[in-house]
file structure-v3.csv (CSV, C-alpha atoms)
chain,number,residue,atom,x,y,z
J,453,MET,CA,-3.1,11.3,-25.4
J,454,GLU,CA,-5.6,14.1,-26.2
J,455,ARG,CA,-6.1,14.9,-22.5
J,456,LEU,CA,-2.3,15.1,-22.0
J,457,ASN,CA,-2.0,17.3,-25.1
J,458,ALA,CA,-4.6,19.6,-23.6
J,459,ILE,CA,-2.3,20.4,-20.7
J,460,LEU,CA,0.1,22.0,-23.1
J,461,THR,CA,-2.2,24.2,-25.0
J,462,GLY,CA,-5.4,24.8,-23.0
J,463,ASP,CA,-8.7,25.6,-24.7
J,464,GLY,CA,-7.4,28.9,-26.2
J,465,GLY,CA,-4.0,27.8,-27.2
J,466,GLU,CA,-2.2,29.4,-24.2
J,467,PRO,CA,0.1,27.5,-21.9
J,468,LEU,CA,-1.6,26.0,-18.9
J,469,VAL,CA,-0.7,26.9,-15.4
J,470,VAL,CA,-1.0,23.2,-14.5
J,471,SER,CA,2.6,22.0,-13.9
J,472,ILE,CA,1.9,18.5,-12.4
J,473,CYS,CA,-0.1,15.7,-14.0
J,474,VAL,CA,-0.6,12.3,-12.3
J,475,ILE,CA,-1.4,9.3,-14.5
J,476,ALA,CA,-3.1,6.9,-12.0
J,477,GLY,CA,-4.6,3.5,-12.5
J,478,THR,CA,-4.4,-0.2,-11.6
J,479,ALA,CA,-1.4,-2.4,-12.2
J,480,GLY,CA,-1.0,-3.3,-15.8
J,481,ALA,CA,-3.2,-0.5,-17.1
J,482,GLY,CA,-0.5,1.0,-19.3
J,483,LYS,CA,0.5,4.1,-17.3
J,484,THR,CA,4.2,3.9,-18.0
J,485,SER,CA,3.6,3.2,-21.7
J,486,LEU,CA,1.3,6.1,-22.0
J,487,ALA,CA,3.7,8.5,-20.2
J,488,LEU,CA,6.7,7.5,-22.3
J,489,ARG,CA,4.9,7.5,-25.6
J,490,TRP,CA,3.5,11.0,-24.9
J,491,ALA,CA,6.9,12.2,-23.6
J,492,HIS,CA,8.4,11.2,-26.9
J,493,GLN,CA,5.6,12.8,-28.9
J,494,ALA,CA,5.8,16.1,-26.9
J,495,GLN,CA,9.6,16.5,-26.8
J,496,SER,CA,9.4,19.5,-29.1
J,497,HIS,CA,7.4,21.4,-26.4
J,498,PHE,CA,10.3,21.0,-24.0
J,499,PRO,CA,13.4,22.4,-25.8
J,500,ASP,CA,15.5,22.2,-22.6
J,501,GLY,CA,15.2,18.5,-22.4
J,502,GLN,CA,13.6,15.7,-20.3
J,503,LEU,CA,14.5,14.0,-17.0
J,504,TYR,CA,13.2,10.5,-16.2
J,505,VAL,CA,13.4,8.2,-13.2
J,506,ASN,CA,11.7,5.0,-12.1
J,507,LEU,CA,10.9,5.5,-8.5
J,508,ARG,CA,10.2,1.7,-8.0
J,509,GLY,CA,7.4,2.5,-5.7
J,510,TYR,CA,5.8,-0.9,-6.2
J,511,ASP,CA,8.8,-3.1,-6.9
J,512,PRO,CA,9.8,-5.9,-4.5
J,513,GLY,CA,12.9,-4.0,-3.4
J,514,ALA,CA,13.2,-0.6,-1.6
J,515,PRO,CA,11.7,2.4,-3.5
J,516,VAL,CA,14.0,5.1,-4.7
J,517,THR,CA,14.1,8.1,-2.3
J,518,ALA,CA,13.8,11.7,-3.3
J,519,PRO,CA,17.4,12.5,-2.2
J,520,GLU,CA,18.7,9.7,-4.4
J,521,VAL,CA,16.8,11.1,-7.4
J,522,LEU,CA,17.9,14.7,-6.7
J,523,HIS,CA,21.5,13.5,-6.8
J,524,ARG,CA,20.9,11.8,-10.2
J,525,PHE,CA,19.0,14.8,-11.6
J,526,LEU,CA,21.7,17.3,-10.5
J,527,LEU,CA,24.4,15.2,-12.2
J,528,ALA,CA,22.2,15.1,-15.4
J,529,LEU,CA,21.8,18.9,-15.2
J,530,GLY,CA,25.6,19.3,-15.3
J,531,VAL,CA,26.5,19.6,-11.6
J,532,SER,CA,29.7,17.8,-10.8
J,533,ALA,CA,29.5,15.0,-8.2
J,534,ALA,CA,31.7,17.0,-5.8
J,535,ALA,CA,29.4,20.0,-6.0
J,536,VAL,CA,26.2,18.1,-5.2
J,537,PRO,CA,25.1,19.2,-1.6
J,538,ALA,CA,25.0,16.5,1.0
J,539,ASP,CA,21.9,18.2,2.6
J,540,PRO,CA,18.7,17.1,0.9
J,541,GLU,CA,17.1,20.6,1.3
J,542,ALA,CA,20.2,22.2,-0.2
J,543,SER,CA,20.0,19.7,-3.1
J,544,ALA,CA,16.4,20.5,-3.7
J,545,ALA,CA,17.1,24.3,-3.7
J,546,LEU,CA,19.9,23.9,-6.2
J,547,TYR,CA,17.7,21.7,-8.4
J,548,ARG,CA,14.9,24.2,-8.4
J,549,SER,CA,17.3,27.1,-9.2
J,550,LEU,CA,18.7,25.2,-12.1
J,551,LEU,CA,15.2,24.5,-13.5
J,552,ALA,CA,14.1,28.2,-13.2
J,553,GLY,CA,13.6,29.7,-16.6
J,554,ARG,CA,13.9,26.4,-18.3
J,555,ARG,CA,11.2,24.4,-20.1
J,556,MET,CA,11.7,20.8,-19.2
J,557,LEU,CA,9.6,17.6,-18.8
J,558,ILE,CA,10.2,15.6,-15.7
J,559,VAL,CA,8.8,12.0,-15.7
J,560,LEU,CA,8.5,10.4,-12.3
J,561,ASP,CA,7.5,6.8,-13.0
J,562,ASN,CA,6.0,4.3,-10.6
J,563,ALA,CA,5.6,6.6,-7.5
J,564,ALA,CA,4.1,5.1,-4.4
J,565,SER,CA,3.8,8.2,-2.2
J,566,VAL,CA,3.6,11.9,-2.2
J,567,SER,CA,6.9,12.0,-0.2
J,568,GLN,CA,8.7,10.5,-3.2
J,569,VAL,CA,7.4,13.2,-5.5
J,570,ARG,CA,7.1,16.5,-3.7
J,571,PRO,CA,10.8,17.3,-3.3
J,572,LEU,CA,11.2,16.8,-7.0
J,573,LEU,CA,8.7,19.4,-8.1
J,574,PRO,CA,10.5,22.3,-9.9
J,575,GLY,CA,8.4,25.2,-8.6
J,576,THR,CA,8.4,26.9,-12.1
J,577,ALA,CA,5.5,27.1,-14.5
J,578,GLY,CA,7.8,26.4,-17.5
J,579,CYS,CA,8.3,22.7,-16.5
J,580,LEU,CA,5.8,19.9,-16.5
J,581,VAL,CA,6.1,17.0,-14.0
J,582,LEU,CA,4.4,13.8,-15.3
J,583,VAL,CA,3.9,11.2,-12.5
J,584,THR,CA,2.6,7.7,-12.9
J,585,SER,CA,1.3,5.8,-9.9
J,586,ARG,CA,-1.1,3.1,-8.7
J,587,SER,CA,-2.2,5.5,-6.0
J,588,ARG,CA,-4.3,8.6,-6.4
J,589,LEU,CA,-1.6,10.7,-4.7
J,590,SER,CA,-4.4,13.0,-3.5
J,591,GLY,CA,-2.0,15.2,-1.6
J,592,LEU,CA,-0.5,16.4,-4.8
J,593,ALA,CA,-4.0,17.5,-6.1
J,594,VAL,CA,-4.9,19.1,-2.8
J,595,ARG,CA,-1.7,20.9,-2.0
J,596,ASP,CA,0.1,21.2,-5.3
J,597,GLY,CA,-2.7,21.6,-7.8
J,598,ALA,CA,-1.9,18.4,-9.7
J,599,HIS,CA,-4.2,17.3,-12.5
J,600,ARG,CA,-5.1,13.6,-12.4
J,601,LEU,CA,-5.7,11.4,-15.4
J,602,THR,CA,-7.1,7.9,-14.4
J,603,LEU,CA,-6.6,5.0,-16.7
J,604,GLY,CA,-9.2,2.2,-16.6
J,605,THR,CA,-9.4,-1.0,-18.6
J,606,LEU,CA,-9.9,-0.8,-22.4
J,607,ALA,CA,-13.3,-0.8,-24.1
J,608,GLU,CA,-13.9,-4.1,-25.8
J,609,PRO,CA,-13.3,-2.9,-29.4
J,610,GLU,CA,-10.0,-1.4,-28.3
J,611,ALA,CA,-9.0,-4.6,-26.5
J,612,VAL,CA,-9.8,-6.7,-29.6
J,613,ALA,CA,-7.8,-4.2,-31.7
J,614,LEU,CA,-4.8,-4.6,-29.4
J,615,LEU,CA,-5.0,-8.4,-29.7
J,616,ARG,CA,-5.1,-8.1,-33.5
J,617,THR,CA,-2.2,-5.7,-33.6
J,618,VAL,CA,0.1,-7.8,-31.5
J,619,THR,CA,-0.7,-11.1,-33.3
J,620,ALA,CA,-0.8,-9.6,-36.9
J,621,GLY,CA,1.6,-11.4,-39.2
J,622,TYR,CA,2.3,-14.2,-36.8
J,623,ARG,CA,-0.9,-16.3,-37.1
J,624,PRO,CA,-3.9,-16.6,-39.3
J,625,GLU,CA,-6.6,-14.0,-38.6
J,626,ASP,CA,-8.6,-15.2,-35.6
J,627,ASP,CA,-12.4,-15.1,-35.2
J,628,GLY,CA,-13.7,-11.8,-33.8
J,629,GLU,CA,-16.0,-13.5,-31.3
J,630,LYS,CA,-13.1,-15.6,-29.9
J,631,LEU,CA,-10.9,-12.5,-29.6
J,632,ALA,CA,-13.7,-10.7,-27.8
J,633,GLU,CA,-14.0,-13.6,-25.3
J,634,LEU,CA,-10.2,-13.6,-24.8
J,635,ALA,CA,-10.4,-9.9,-24.1
J,636,ARG,CA,-13.1,-10.4,-21.5
J,637,LEU,CA,-11.1,-13.1,-19.8
J,638,CYS,CA,-8.1,-10.7,-19.7
J,639,ALA,CA,-10.5,-8.2,-18.0
J,640,ARG,CA,-9.5,-5.9,-21.0
J,641,LEU,CA,-6.4,-5.1,-19.0
J,642,PRO,CA,-3.6,-4.0,-21.4
J,643,LEU,CA,-0.8,-6.0,-19.7
J,644,ALA,CA,-2.9,-9.2,-19.7
J,645,LEU,CA,-4.0,-8.6,-23.3
J,646,ARG,CA,-0.4,-8.2,-24.5
J,647,ILE,CA,0.8,-11.3,-22.6
J,648,ALA,CA,-2.1,-13.4,-24.0
J,649,ALA,CA,-1.5,-12.0,-27.5
J,650,GLU,CA,2.2,-12.8,-27.2
J,651,ARG,CA,1.4,-16.4,-26.3
J,652,ALA,CA,-1.0,-16.6,-29.3
J,653,ALA,CA,1.6,-15.0,-31.6
J,654,SER,CA,4.4,-17.3,-30.5
J,655,ARG,CA,2.2,-20.4,-31.1
J,656,PRO,CA,0.6,-19.9,-34.5
J,657,MET,CA,-0.7,-23.4,-34.6
J,658,MET,CA,-2.4,-23.1,-31.2
J,659,SER,CA,-6.2,-22.6,-31.3
J,660,LEU,CA,-7.5,-19.6,-29.4
J,661,ASP,CA,-9.9,-22.1,-27.8
J,662,GLU,CA,-6.9,-23.6,-25.9
J,663,LEU,CA,-5.8,-20.2,-24.5
J,664,ILE,CA,-9.4,-19.4,-23.6
J,665,ARG,CA,-9.7,-22.7,-21.8
J,666,ASP,CA,-6.5,-21.9,-19.8
J,667,LEU,CA,-7.9,-18.5,-18.8
J,668,ARG,CA,-11.1,-20.1,-17.6
J,669,ASP,CA,-9.2,-22.6,-15.5
J,670,GLU,CA,-8.2,-21.2,-12.1
J,671,SER,CA,-5.3,-23.6,-11.8
J,672,ALA,CA,-3.9,-22.5,-15.2
J,673,LEU,CA,-4.9,-18.8,-15.2
J,674,TRP,CA,-1.7,-17.2,-13.8
J,675,GLU,CA,0.6,-19.4,-15.9
J,676,ALA,CA,-1.3,-18.4,-19.0
J,677,LEU,CA,-0.7,-14.7,-18.1
J,678,THR,CA,3.1,-15.1,-17.6
J,679,VAL,CA,5.5,-14.2,-20.4
J,680,GLY,CA,7.4,-17.5,-19.8
J,681,ASP,CA,11.0,-16.3,-20.4
J,682,ASP,CA,12.0,-15.6,-16.8
J,683,GLU,CA,10.6,-12.0,-17.1
J,684,GLU,CA,8.7,-12.4,-13.8
J,685,ALA,CA,8.2,-8.7,-13.5
J,686,ASP,CA,5.9,-8.8,-16.6
J,687,ALA,CA,3.6,-11.5,-15.1
J,688,VAL,CA,0.1,-10.2,-14.3
J,689,ARG,CA,0.1,-12.0,-10.9
J,690,THR,CA,3.5,-10.3,-10.0
J,691,VAL,CA,2.3,-6.8,-10.7
J,692,PHE,CA,-0.8,-7.4,-8.7
J,693,ALA,CA,1.3,-8.8,-5.8
J,694,TRP,CA,3.4,-5.6,-5.7
J,695,SER,CA,0.2,-3.5,-5.2
J,696,TYR,CA,-1.1,-6.0,-2.7
J,697,ARG,CA,2.1,-5.9,-0.6
J,698,ALA,CA,1.9,-2.1,-0.4
J,699,LEU,CA,-1.3,-2.3,1.6
J,700,THR,CA,-1.5,-2.2,5.3
J,701,ALA,CA,-2.1,-5.6,7.0
J,702,GLU,CA,-5.8,-4.6,7.7
J,703,ALA,CA,-6.4,-3.4,4.1
J,704,ALA,CA,-4.7,-6.6,2.7
J,705,ARG,CA,-7.0,-8.8,4.8
J,706,PHE,CA,-10.0,-6.8,3.7
J,707,PHE,CA,-9.0,-7.2,0.1
J,708,ARG,CA,-8.6,-10.9,0.2
J,709,LEU,CA,-11.8,-11.4,2.1
J,710,LEU,CA,-13.6,-9.5,-0.7
J,711,GLY,CA,-12.6,-12.4,-2.9
J,712,LEU,CA,-15.0,-14.6,-0.8
J,713,HIS,CA,-18.0,-12.4,-1.8
J,714,PRO,CA,-20.2,-14.4,-4.2
J,715,GLY,CA,-20.2,-11.8,-6.9
J,716,PRO,CA,-17.8,-9.2,-8.3
J,717,GLU,CA,-20.0,-6.2,-7.2
J,718,PHE,CA,-21.0,-5.3,-3.6
J,719,GLY,CA,-22.0,-2.5,-1.3
J,720,VAL,CA,-20.7,-1.3,2.0
J,721,SER,CA,-23.1,-3.2,4.3
J,722,ALA,CA,-22.4,-6.5,2.6
J,723,VAL,CA,-18.6,-6.3,2.9
J,724,ALA,CA,-18.8,-5.0,6.4
J,725,ALA,CA,-20.6,-8.2,7.4
J,726,LEU,CA,-18.2,-10.3,5.4
J,727,ALA,CA,-15.1,-8.8,7.0
J,728,GLY,CA,-16.7,-8.5,10.5
J,729,VAL,CA,-16.1,-4.7,10.8
J,730,GLY,CA,-18.3,-1.7,11.3
J,731,HIS,CA,-20.0,0.2,8.5
J,732,SER,CA,-17.7,3.2,8.7
J,733,ARG,CA,-14.6,1.1,8.9
J,734,ALA,CA,-15.7,-0.9,5.8
J,735,GLN,CA,-16.3,2.4,4.0
J,736,HIS,CA,-12.8,3.6,4.9
J,737,LEU,CA,-11.1,0.3,3.7
J,738,LEU,CA,-13.1,0.4,0.5
J,739,ASP,CA,-11.8,3.9,-0.1
J,740,VAL,CA,-8.3,2.7,0.6
J,741,LEU,CA,-8.6,0.0,-2.1
J,742,VAL,CA,-10.2,2.3,-4.6
J,743,GLY,CA,-7.4,4.8,-4.0
J,744,ALA,CA,-4.9,1.9,-4.7
J,745,HIS,CA,-6.9,1.1,-7.8
J,746,LEU,CA,-7.6,-2.4,-6.6
J,747,LEU,CA,-11.3,-1.7,-6.7
J,748,THR,CA,-13.6,0.5,-8.8
J,749,GLN,CA,-16.5,2.5,-7.5
J,750,THR,CA,-19.3,2.2,-10.1
J,751,GLY,CA,-22.0,4.1,-8.3
J,752,PRO,CA,-23.3,5.2,-4.9
J,753,ASP,CA,-22.5,2.3,-2.5
J,754,ARG,CA,-21.5,0.1,-5.4
J,755,PHE,CA,-18.0,-1.3,-5.8
J,756,GLU,CA,-16.5,-4.0,-8.0
J,757,PHE,CA,-13.3,-5.9,-9.0
J,758,HIS,CA,-12.4,-6.5,-12.6
J,759,GLY,CA,-12.2,-10.2,-13.2
J,760,LEU,CA,-8.4,-10.7,-12.8
J,761,LEU,CA,-8.2,-8.8,-9.5
J,762,ARG,CA,-11.1,-10.8,-8.2
J,763,ALA,CA,-9.3,-14.0,-9.1
J,764,TYR,CA,-6.2,-12.7,-7.4
J,765,ALA,CA,-8.2,-11.8,-4.2
J,766,ILE,CA,-9.7,-15.3,-4.2
J,767,ASP,CA,-6.2,-16.8,-4.6
J,768,GLN,CA,-4.9,-14.8,-1.7
J,769,ALA,CA,-7.8,-15.8,0.5
J,770,GLN,CA,-7.2,-19.4,-0.2
J,771,HIS,CA,-3.5,-19.1,0.6
J,772,GLU,CA,-3.5,-16.7,3.5
J,773,GLU,CA,-6.8,-17.2,5.3
J,774,PRO,CA,-7.3,-20.4,7.4
J,775,ALA,CA,-10.3,-22.5,6.3
J,776,GLU,CA,-12.2,-21.7,9.5
J,777,ALA,CA,-11.6,-18.0,8.9
J,778,ARG,CA,-13.0,-18.3,5.4
J,779,GLU,CA,-16.0,-20.2,6.6
J,780,ALA,CA,-16.7,-17.7,9.3
J,781,ALA,CA,-16.5,-14.8,6.8
J,782,ARG,CA,-19.0,-16.6,4.5
J,783,LEU,CA,-21.4,-17.2,7.4
J,784,ARG,CA,-21.2,-13.5,8.4
J,785,ALA,CA,-21.9,-12.6,4.8
J,786,LEU,CA,-25.0,-14.9,4.8
J,787,ALA,CA,-26.2,-13.5,8.1
J,788,GLY,CA,-25.8,-9.9,6.8
J,789,SER,CA,-27.6,-10.8,3.6
J,790,ALA,CA,-30.5,-12.3,5.6
J,791,SER,CA,-30.6,-9.2,7.8
J,792,GLN,CA,-30.9,-7.0,4.8
J,793,SER,CA,-33.6,-9.2,3.3
J,794,CYS,CA,-35.5,-9.0,6.5
J,795,LEU,CA,-35.3,-5.3,6.6
J,796,GLY,CA,-36.5,-5.1,3.0
J,797,GLY,CA,-39.5,-7.3,3.9
J,798,VAL,CA,-40.4,-5.2,6.9
J,799,LEU,CA,-40.4,-2.1,4.8
J,800,ALA,CA,-42.4,-3.8,2.1
J,801,ALA,CA,-45.0,-4.9,4.7
J,802,ARG,CA,-45.6,-1.3,6.1
J,803,PRO,CA,-48.7,0.5,4.7
J,804,ARG,CA,-47.9,3.3,2.4
J,805,SER,CA,-51.1,5.2,2.9
J,806,GLY,CA,-54.2,5.3,5.0
J,807,ARG,CA,-54.5,4.8,8.8
J,808,ALA,CA,-51.2,3.9,10.4
J,809,GLY,CA,-50.9,0.4,11.5
J,810,ARG,CA,-53.8,-1.0,9.6
J,811,ARG,CA,-53.6,-4.7,8.9
J,812,PRO,CA,-53.3,-5.5,5.2
J,813,PRO,CA,-56.3,-7.3,3.6
J,814,ARG,CA,-56.4,-11.0,3.8
J,815,GLY,CA,-54.9,-12.9,0.9
J,816,ARG,CA,-52.3,-10.2,0.2
J,817,PRO,CA,-48.6,-11.1,0.6
J,818,GLY,CA,-47.0,-9.8,3.7
J,819,LEU,CA,-43.7,-10.7,5.5
J,820,VAL,CA,-43.4,-14.4,5.2
J,821,SER,CA,-39.6,-14.9,5.8
J,822,THR,CA,-38.7,-16.8,9.0
J,823,SER,CA,-35.0,-16.2,8.6
J,824,CYS,CA,-34.9,-13.2,10.9
J,825,GLY,CA,-36.4,-12.4,14.2
J,826,ALA,CA,-38.1,-14.7,16.6
J,827,PRO,CA,-40.7,-17.2,15.2
J,828,SER,CA,-43.5,-15.4,16.8
J,829,ALA,CA,-42.4,-12.1,15.3
J,830,ALA,CA,-42.2,-13.8,11.9
J,831,ARG,CA,-45.8,-15.1,12.3
J,832,ARG,CA,-47.3,-11.8,13.2
J,833,PRO,CA,-45.1,-9.0,11.8
J,834,VAL,CA,-47.9,-6.6,10.8
J,835,ALA,CA,-49.9,-6.9,14.0
J,836,ARG,CA,-46.7,-6.2,16.0
J,837,GLY,CA,-46.0,-3.2,13.8
J,838,ALA,CA,-49.6,-1.9,14.4
J,839,ARG,CA,-49.0,-2.0,18.2
J,840,LEU,CA,-45.8,0.0,17.7
J,841,GLU,CA,-47.6,2.6,15.7
J,842,ARG,CA,-50.3,3.0,18.3
J,843,ARG,CA,-47.6,3.5,21.1
J,844,ARG,CA,-46.3,6.5,19.1
call {"tool": "encode", "arguments": {"input": "structure-v3.csv", "output": "structure tokens"}}
result
Amino acid sequence: MERLNAILTGDGGEPLVVSICVIAGTAGAGKTSLALRWAHQAQSHFPDGQLYVNLRGYDPGAPVTAPEVLHRFLLALGVSAAAVPADPEASAALYRSLLAGRRMLIVLDNAASVSQVRPLLPGTAGCLVLVTSRSRLSGLAVRDGAHRLTLGTLAEPEAVALLRTVTAGYRPEDDGEKLAELARLCARLPLALRIAAERAASRPMMSLDELIRDLRDESALWEALTVGDDEEADAVRTVFAWSYRALTAEAARFFRLLGLHPGPEFGVSAVAALAGVGHSRAQHLLDVLVGAHLLTQTGPDRFEFHGLLRAYAIDQAQHEEPAEAREAARLRALAGSASQSCLGGVLAARPRSGRAGRRPPRGRPGLVSTSCGAPSAARRPVARGARLERRR
């Protein structure tokens, strides 16, 4: 909220030139809730009103197109249906002319692409466009000067506080350590936390241990994170599925294969081996998934899932990849890991100082792994390295 407020005032209290703000983040991170809450709080800054549309960029049906939105917005701005131009460019021009000189907030919720957003930009500094998306929408930052605010998962104290807030008054106060464990199993994702809290609030006699047990059980996980009253759109698995279906076939396959990686964190070389693609292609696909907020980059060459997305990737791999394809991916990952270990052993065995190619003293550890290279090479790694040094 503070970062959004800063867009209005700037450091010196003057209005900012920034007229587009993208709130980006993974499914269920609370982007729409934040946008609507802030829009309500900031309405006094926009005396000429607010416009809102759900672009349905990640819904199961077709997304709302810019011409459709222009028609709705022009009607809301007082244009009669008969006077709305049929030509999209003419509609956009009329829309911009009507906004000129006004101070309005335009909320474009759930955008999937830049093409949905750009025709709806007012072109005047008096208006602010607030966009929510699961994508970074980098084109808006590059070409239109958009400011991006990325939502992650909550810190553990905030996640526990959310659980307490939703359950307050509905059940006896729960143990703090159990609430923290529940928050961790929900990956501290706001949507998952609210669903879990609602289940706990609606069953005041249920022990938190039972809910925790369900979240630990892969077979019960997704049912535990469903509202349970036919509101399928609010289920965690459903909102993940909408993001997953928006991927290309190649990126979707890469995503589900990442679920086969033995841990939640990985580097480019490891997942390139796992997916059977080259290093540069693996880097590109990782960037695609980071851009879709299905992965997080935590450092140079380090990427990770949060727990629920990893569970979803595993689930998709089990359902969509044949058993032989899953086994082949695991074997490639093991081979890649062995190759990296071998390289690390070779580097460790090389002398760091002194005469090049000198054999290490007897009794000191050298390269002892026989998992890479020919057996003879494994038996005499340092001597072979010395001959190579002499040939240079």
call {"tool": "atom_distance", "arguments": {"input": "structure-v3.csv", "atom1": "CA of Glu608 in chain J", "atom2": "CA of Phe718 in chain J"}}
result
23.3 Å
call {"tool": "closest_residue", "arguments": {"input": "structure-v3.csv", "among": "J:Ala534, J:Val612, J:Val594, J:Leu606", "to": "Asp627 in chain J", "atoms": "only C-alpha atoms"}}
result
J:Val612
call {"tool": "atom_distance", "arguments": {"input": "structure-v3.csv", "atom1": "CA of Asp661 in chain J", "atom2": "CA of Ala639 in chain J"}}
result
17.0 Å
call {"tool": "atom_distance", "arguments": {"input": "structure-v3.csv", "atom1": "CA of Trp694 in chain J", "atom2": "CA of Ala514 in chain J"}}
result
11.7 Å
call {"tool": "closest_residue", "arguments": {"input": "structure-v3.csv", "among": "J:Val559, J:Arg508, J:Ala703, J:Leu526", "to": "Leu546 in chain J", "atoms": "all atoms listed in the file"}}
result
J:Leu526
